[in-house]
Structures are given as structure tokens and as C-alpha cells.
Amino acid sequence: MLKPLIAALILAAPAAPLLAQNAAAQISVRHKAYEAMGDAFKKIQDELRKPAPSQAVMQQSVKTITDMATRQYSLFPAGTGPTSGVKTLAKAEIWTQTAKFKAAQDKFAAEAGSFSRIVASGDAARIRDGARNLGQACKGCHTDFRAEKK
């Protein structure tokens, strides 16, 4: 009974670095995706500070945000949290409080969809309000599911 267990552990040992590499790659993809979304949100904020915001810049930026709202659900596979041994700001609560995390993701997706429609209206005042609501949806997830940067 012990020999098969030992054999399994010996055979699994070489896979551990591969799992870490896979987690590192997935965490990197996740980080880059959220960074791109943050950059898009900043572009919208920058445009809203201008006397005549560029509708084209805001449309392109909101497309990045709404694409991310759909993509976010696939960015947190099991094994890509703090226990992976790879540096990540994702808190363990993402995987231990999955219903709460999905609700936060759903809220962000709904706000992103709403914001997209508001940006399409071209009404700068409504866009400012919508940006605040979208920002609150982002912050809500950060508060519970993202560690502070060090």
C-alpha cells in the first residue's frame, strides 16, 4: 500500500514546477488584463477632465472595460491564488467565498454594461456619474478580494 503512494509522489514531484509555471503564466495574464482595464478607465477619467472629451477615446476605452467584464470570469482558476507560491494580489477569499466573489463580478459586469450605454449617449454629465458607479463596483471587489500593494 505504501509503495504505490511513494511511487505516485515521486512521479508527481516533477509536475510541481510545471504547475507553478502554469499558475505564474495565468496570474500574469490576469494582471495584464486588469492593468489594461485600469488604463482604459484612466483614459476615460482623463477625457472627462477636458472641455471637449473625445467620444472615440471613450468608446474604445469602454470597449476594453466591457470586454474585461466578460473575460473576468475565466481569470481566477483554481491554483492561481496565494497558495500557488506565485506573487499575486488576489486574496484567498476569491476561492473560499466563491458566491460572494461571483456576486461582485456580476455587479461589475452589470455596471460595465450600463456604463457602455451611458458612454454611447455622449452625455458627459451622465458619463461622469456612470464612471463613479463603475469605480464603486471596482472598489467593492478590491476591498474584499484584493490585497493591498506593498
# chains A, B, ... in the order shown; residues from 1 in each chain; ligands from 1
call {"tool": "residues_around", "arguments": {"residues": "range 116-132 of chain A", "least_positions_apart": "4", "cutoff": "7 Å", "atoms": "only C-alpha atoms", "output": "list in words"}}
result
Leu48, Gln55, Met58, Gln59, Val62, Ala112 and Gln136 of chain A
call {"tool": "atom_distance", "arguments": {"atom1": "CA of Ala103 in chain A", "atom2": "CA of Asn22 in chain A"}}
result
26.8 Å
call {"tool": "closest_residue", "arguments": {"among": "A:Asn133, A:Ser28, A:Thr64, A:Gln105", "to": "Gly81 in chain A", "atoms": "only C-alpha atoms"}}
result
A:Ser28
call {"tool": "residues_around", "arguments": {"residues": "Phe101 in chain A", "least_positions_apart": "5", "cutoff": "8 Å", "atoms": "only C-alpha atoms", "output": "VMD selection string"}}
result
chain A and resid 93 to 94 141 145
call {"tool": "atom_distance", "arguments": {"atom1": "CA of Arg146 in chain A", "atom2": "CA of Lys63 in chain A"}}
result
23.7 Å
call {"tool": "closest_residue", "arguments": {"among": "A:Asp67, A:Glu47, A:Asp144, A:Glu35", "to": "Lys102 in chain A", "atoms": "only C-alpha atoms"}}
result
A:Asp144
call {"tool": "atom_distance", "arguments": {"atom1": "CA of Ala78 in chain A", "atom2": "CA of Ala99 in chain A"}}
result
14.6 Å
